[in-house]
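Have a look at the structure below before the remarks.
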Amino acid sequence: MEKTVQLYEGKAKKVYATADENLCIVSYKDDATAFNGQKKGTIAGKGVINNKMSNFLMQMLEKEGVPTHFVEELNDRDTVVKKVSIVPLEVIIRNISAGSFAKHYGVEEGIVFDEPTIEFSYKNDDLGDPLLNEYHALALKLATKDEIAEIKRLAFKVNEVLKAYMLTLNVRLVDFKLEFGKTADGQIVLADEISPDTCRLWDKDTNEKLDKDRFRRDMGGVEDAYNEIMRRLMGE
Ligand code: TMP
Ligand code: ASP
C-alpha cells in the first residue's frame with residue numbers, strides 16, 4: 001500500500017489517499033502544538049511513539065469489541081486506516097480532575113471521581129473547539145441521536161479497557177480525548193489517535209506526568225516521558 005496524494009495536514013499528522021478509495025495512510029509527525037496551535041514545538045521521536053502506541057491500543061480495543069479505523073501499520077510513522085468522515089466532536093472522558101476541568105470548576109488536580117465524566121467539544125479550530133452538549137450537537141447537525149448514543153457507549157467502553165490496562169503498567173488514566181469517524185457504510189468507529197498527546201497519564205506511585213502536559217506546561221523531560229510510556233507499553 002502506497003501514499004498517493006496528500007489529502008490533509010493536521011497539527012500532528014498528515015493524511016494521504018491510496019489507490020483504494022476506502023483506505024488512507026496517516027503519517028505521524030514530531031510536531032507538537034498546544035492551546036489551539038498558539039504554542040508550537042517539536043518532540044523528537046513523538047511521531048513514532050504515537051503511531052505505535054495508538055495502533056497497539058486500537059488493536060486491543062478491537063479485541064474488546066470497539067470498532068476502530070486501524071487496518072495495518074506500514075512502518076514507524078505510517079499506518080493504513082479506514083477512510084472515514086470525522087464526526088466533528090472531541091469526546092473527553094475524565095476519571096480524575098485535571099486540566100480544564102480543574103480550572104473551570106475551581107478545584108485542585110487529582111480528585112478521583114466516583115464515576116467517569118464525559119463532555120463534548122465542537123471540533124472547530126476557528127472557534128477554539130468550544131464546549132457543547134448533546135442538544136447543541138444535534139441542533140448543529142454534527143451527529144444524529146443514534147450516533148451520539150453509540151459514541152457515548154464506545155467512549156465509556158474505551159475508558160474501561162484503557163483504565164484497566166494502564167493500571168497494569170502502573171499508570172493512572174486521568175483523562176483523554178477521542179474522535180470518532182463514520183465509514184462509507186455508516187458505521188461509527190474510533191478514529192484519530194490514542195497517545196500521550198491525547199491522554200493524561202500519571203505514574204501510579206508518584207503521580208509524575210507521562211504525557212503532553214510536560215510540553216504544554218514547559219516542565220521539561222518531554223521526550224523522556226514519551227519514551228517511558230512506550231517502554232512500559234511495549235518494553236521498548
Ligand atoms: P483539557 O483538560 O485541556 O480539557 O484536556 C482533556 C484531555 O483531552 C487531555 O487528556 C488532553 C486532551 N486534549 C486533546 O487531546 N486535544 C485538545 O485539543 C485538548 C484541549 C485536550
Ligand atoms: N493539540 C491541541 C492544539 O494545538 C491542544 C492540546 O493538545 O493541548 O491546539
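Going through the C-alpha cells in order, the chains are called A, B, and so on, while each chain numbers its residues from 1 and the ligands are numbered from 1 in the order shown.
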Please report as a Markdown table every residue of chain A lying within 9 Å of ligand 1, along with the nearest atom pair and their distance in Å (one decimal), using only C-alpha atoms and all ligand atoms.
```
| residue | atom | partner | partner_atom_place_in_ligand_line | distance |
| --- | --- | --- | --- | --- |
| A:Thr33 | CA | ligand 1 | 18 (O) | 8.9 |
| A:Ala34 | CA | ligand 1 | 18 (O) | 7.1 |
| A:Phe35 | CA | ligand 1 | 20 (C) | 6.8 |
| A:Asn36 | CA | ligand 1 | 18 (O) | 6.5 |
| A:Gly37 | CA | ligand 1 | 18 (O) | 8.9 |
| A:Glu90 | CA | ligand 1 | 16 (N) | 7.8 |
| A:Val91 | CA | ligand 1 | 8 (O) | 8.2 |
| A:Ile92 | CA | ligand 1 | 8 (O) | 5.8 |
| A:Ile93 | CA | ligand 1 | 7 (C) | 7.4 |
| A:Arg94 | CA | ligand 1 | 6 (C) | 7.5 |
| A:Ser97 | CA | ligand 1 | 2 (O) | 8.3 |
| A:Ala98 | CA | ligand 1 | 2 (O) | 5.7 |
| A:Gly99 | CA | ligand 1 | 2 (O) | 3.5 |
| A:Ser100 | CA | ligand 1 | 2 (O) | 3.8 |
| A:Phe101 | CA | ligand 1 | 2 (O) | 5.6 |
| A:Ala102 | CA | ligand 1 | 2 (O) | 7.6 |
| A:Lys103 | CA | ligand 1 | 2 (O) | 8.3 |
| A:Ser121 | CA | ligand 1 | 20 (C) | 8.9 |
| A:Lys123 | CA | ligand 1 | 18 (O) | 8.7 |
| A:Gly128 | CA | ligand 1 | 18 (O) | 8.9 |
| A:Asp129 | CA | ligand 1 | 18 (O) | 7.6 |
| A:Leu173 | CA | ligand 1 | 10 (O) | 8.8 |
| A:Val174 | CA | ligand 1 | 10 (O) | 7.2 |
| A:Asp175 | CA | ligand 1 | 10 (O) | 4.6 |
| A:Phe176 | CA | ligand 1 | 10 (O) | 3.7 |
| A:Lys177 | CA | ligand 1 | 8 (O) | 4.2 |
| A:Leu178 | CA | ligand 1 | 15 (O) | 7.3 |
| A:Glu193 | CA | ligand 1 | 15 (O) | 8.9 |
| A:Ile194 | CA | ligand 1 | 15 (O) | 8.5 |
| A:Ser195 | CA | ligand 1 | 15 (O) | 8.5 |
| A:Pro196 | CA | ligand 1 | 10 (O) | 7.9 |
| A:Asp197 | CA | ligand 1 | 15 (O) | 5.8 |
| A:Thr198 | CA | ligand 1 | 15 (O) | 3.3 |
| A:Cys199 | CA | ligand 1 | 10 (O) | 3.6 |
| A:Arg200 | CA | ligand 1 | 10 (O) | 4.3 |
| A:Leu201 | CA | ligand 1 | 10 (O) | 7.9 |
| A:Asp211 | CA | ligand 1 | 10 (O) | 8.4 |
| A:Lys212 | CA | ligand 1 | 11 (C) | 7.7 |
| A:Asp213 | CA | ligand 1 | 11 (C) | 7.9 |
```
Write out, as a compact mmCIF listing (two decimals), in the first residue's frame, the residues just selected, with N, CA and C atoms.
```
# COMPACT_ATOMS: atom_id res chain seq x y z
N THR A 33 1.71 20.95 19.19
CA THR A 33 1.12 22.27 19.42
C THR A 33 0.28 22.18 20.69
N ALA A 34 -0.02 23.34 21.23
CA ALA A 34 -0.94 23.39 22.37
C ALA A 34 -1.69 24.71 22.31
N PHE A 35 -2.79 24.77 23.06
CA PHE A 35 -3.60 25.99 23.13
C PHE A 35 -4.03 26.43 21.73
N ASN A 36 -4.65 25.50 21.04
CA ASN A 36 -5.16 25.74 19.69
C ASN A 36 -4.08 26.28 18.75
N GLY A 37 -2.92 25.67 18.83
CA GLY A 37 -1.85 25.99 17.89
C GLY A 37 -1.02 27.21 18.24
N GLU A 90 -15.06 16.45 19.71
CA GLU A 90 -13.98 15.90 20.53
C GLU A 90 -14.66 15.37 21.80
N VAL A 91 -14.44 14.11 22.07
CA VAL A 91 -15.12 13.44 23.18
C VAL A 91 -14.10 13.26 24.29
N ILE A 92 -14.38 13.88 25.43
CA ILE A 92 -13.41 13.85 26.53
C ILE A 92 -13.99 13.11 27.72
N ILE A 93 -13.25 12.10 28.15
CA ILE A 93 -13.63 11.32 29.34
C ILE A 93 -12.62 11.65 30.43
N ARG A 94 -13.12 11.80 31.65
CA ARG A 94 -12.24 12.09 32.79
C ARG A 94 -12.52 11.13 33.95
N SER A 97 -9.71 14.71 38.33
CA SER A 97 -9.71 16.12 37.95
C SER A 97 -8.33 16.56 37.49
N ALA A 98 -8.31 17.36 36.41
CA ALA A 98 -7.05 17.91 35.88
C ALA A 98 -7.41 18.92 34.80
N GLY A 99 -6.42 19.65 34.34
CA GLY A 99 -6.56 20.50 33.16
C GLY A 99 -7.73 21.45 33.23
N SER A 100 -8.51 21.50 32.12
CA SER A 100 -9.58 22.50 32.03
C SER A 100 -10.70 22.22 33.04
N PHE A 101 -10.88 20.96 33.44
CA PHE A 101 -11.90 20.66 34.47
C PHE A 101 -11.55 21.36 35.78
N ALA A 102 -10.29 21.20 36.20
CA ALA A 102 -9.85 21.81 37.46
C ALA A 102 -9.98 23.34 37.37
N LYS A 103 -9.65 23.86 36.19
CA LYS A 103 -9.70 25.31 36.01
C LYS A 103 -11.14 25.83 36.01
N SER A 121 -16.62 18.69 22.78
CA SER A 121 -16.29 19.98 22.18
C SER A 121 -16.58 19.90 20.70
N LYS A 123 -15.39 20.32 17.26
CA LYS A 123 -14.05 20.31 16.65
C LYS A 123 -14.00 21.37 15.55
N GLY A 128 -12.07 27.76 18.34
CA GLY A 128 -11.35 27.34 19.55
C GLY A 128 -11.97 26.12 20.21
N ASP A 129 -12.56 25.21 19.41
CA ASP A 129 -13.13 23.96 19.95
C ASP A 129 -14.06 24.21 21.15
N LEU A 173 -4.93 6.46 34.32
CA LEU A 173 -5.53 7.13 33.16
C LEU A 173 -6.41 8.26 33.70
N VAL A 174 -5.88 9.48 33.66
CA VAL A 174 -6.55 10.64 34.27
C VAL A 174 -7.71 11.10 33.39
N ASP A 175 -7.41 11.36 32.13
CA ASP A 175 -8.44 11.78 31.17
C ASP A 175 -7.89 11.56 29.77
N PHE A 176 -8.77 11.69 28.78
CA PHE A 176 -8.33 11.55 27.39
C PHE A 176 -9.39 12.08 26.44
N LYS A 177 -8.96 12.31 25.21
CA LYS A 177 -9.83 12.84 24.16
C LYS A 177 -9.91 11.82 23.03
N LEU A 178 -11.12 11.53 22.58
CA LEU A 178 -11.31 10.62 21.45
C LEU A 178 -12.00 11.34 20.31
N GLU A 193 -6.25 9.22 17.20
CA GLU A 193 -5.16 8.51 17.88
C GLU A 193 -5.42 8.43 19.38
N ILE A 194 -4.73 7.49 20.01
CA ILE A 194 -4.71 7.40 21.48
C ILE A 194 -3.24 7.41 21.85
N SER A 195 -2.78 8.49 22.47
CA SER A 195 -1.34 8.66 22.68
C SER A 195 -1.12 9.62 23.85
N PRO A 196 0.13 9.84 24.23
CA PRO A 196 0.37 10.83 25.29
C PRO A 196 0.02 12.25 24.87
N ASP A 197 -0.23 12.47 23.55
CA ASP A 197 -0.75 13.78 23.11
C ASP A 197 -2.20 13.96 23.53
N THR A 198 -2.94 12.85 23.61
CA THR A 198 -4.39 12.94 23.76
C THR A 198 -4.90 12.35 25.08
N CYS A 199 -3.96 11.89 25.91
CA CYS A 199 -4.33 11.33 27.22
C CYS A 199 -3.51 12.03 28.31
N ARG A 200 -4.06 12.11 29.51
CA ARG A 200 -3.20 12.42 30.67
C ARG A 200 -2.90 11.10 31.37
N LEU A 201 -1.62 10.85 31.55
CA LEU A 201 -1.14 9.59 32.12
C LEU A 201 -0.20 9.92 33.27
N ASP A 211 3.01 12.55 29.92
CA ASP A 211 2.19 12.94 28.77
C ASP A 211 2.51 14.36 28.32
N LYS A 212 1.69 14.85 27.39
CA LYS A 212 1.95 16.14 26.74
C LYS A 212 1.85 17.35 27.67
N ASP A 213 1.27 17.18 28.85
CA ASP A 213 1.26 18.29 29.80
C ASP A 213 2.68 18.79 30.08
```
I'd like the contact shell of Tyr165 (chain A) - 10 Å cut-off, only C-alpha atoms, skipping same-chain residues fewer than 5 positions apart - returned as number ranges by chain. A: 57, 60, 159-160, 170-173, 233
Neighbouring residues of region 72-81 of chain A were defined as those with any atom within 10 Å, considering only C-alpha atoms; residues of the same chain fewer than 2 positions away were excluded. Please report them as a PyMOL selection string. chain A and resi 1-3+13-18+22-30+45-52+55-56+59+68-70+83-84+191-192
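Across A:Leu210, A:Val107, A:Lys152, A:Lys141, the tightest approach to Glu119 (chain A) is made by A:Lys152 when counting only C-alpha atoms.
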Find the residues near Asp146 (chain A): any atom within 12 Å, counting only C-alpha atoms, skip ones fewer than 6 places away on the same chain, and give them as a PyMOL selection string. chain A and resi 134+138+152-153+186-188
From the set A:Gly181, A:Met166, A:Glu115, A:Ile148, which residue has the shortest atom-to-atom contact distance to Met230 (chain A), counting only C-alpha atoms? A:Met166
Just how far from CA of Gly65 (chain A) is CA of Ile151 (chain A), in Å to one decimal?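 Computing it gives 13.4 Å between the two atoms.
Take the candidates A:Tyr8, A:Phe180, A:Tyr226, A:Tyr122 and check each one against Ala155 (chain A) using only C-alpha atoms; the shortest distance goes to A:Phe180.
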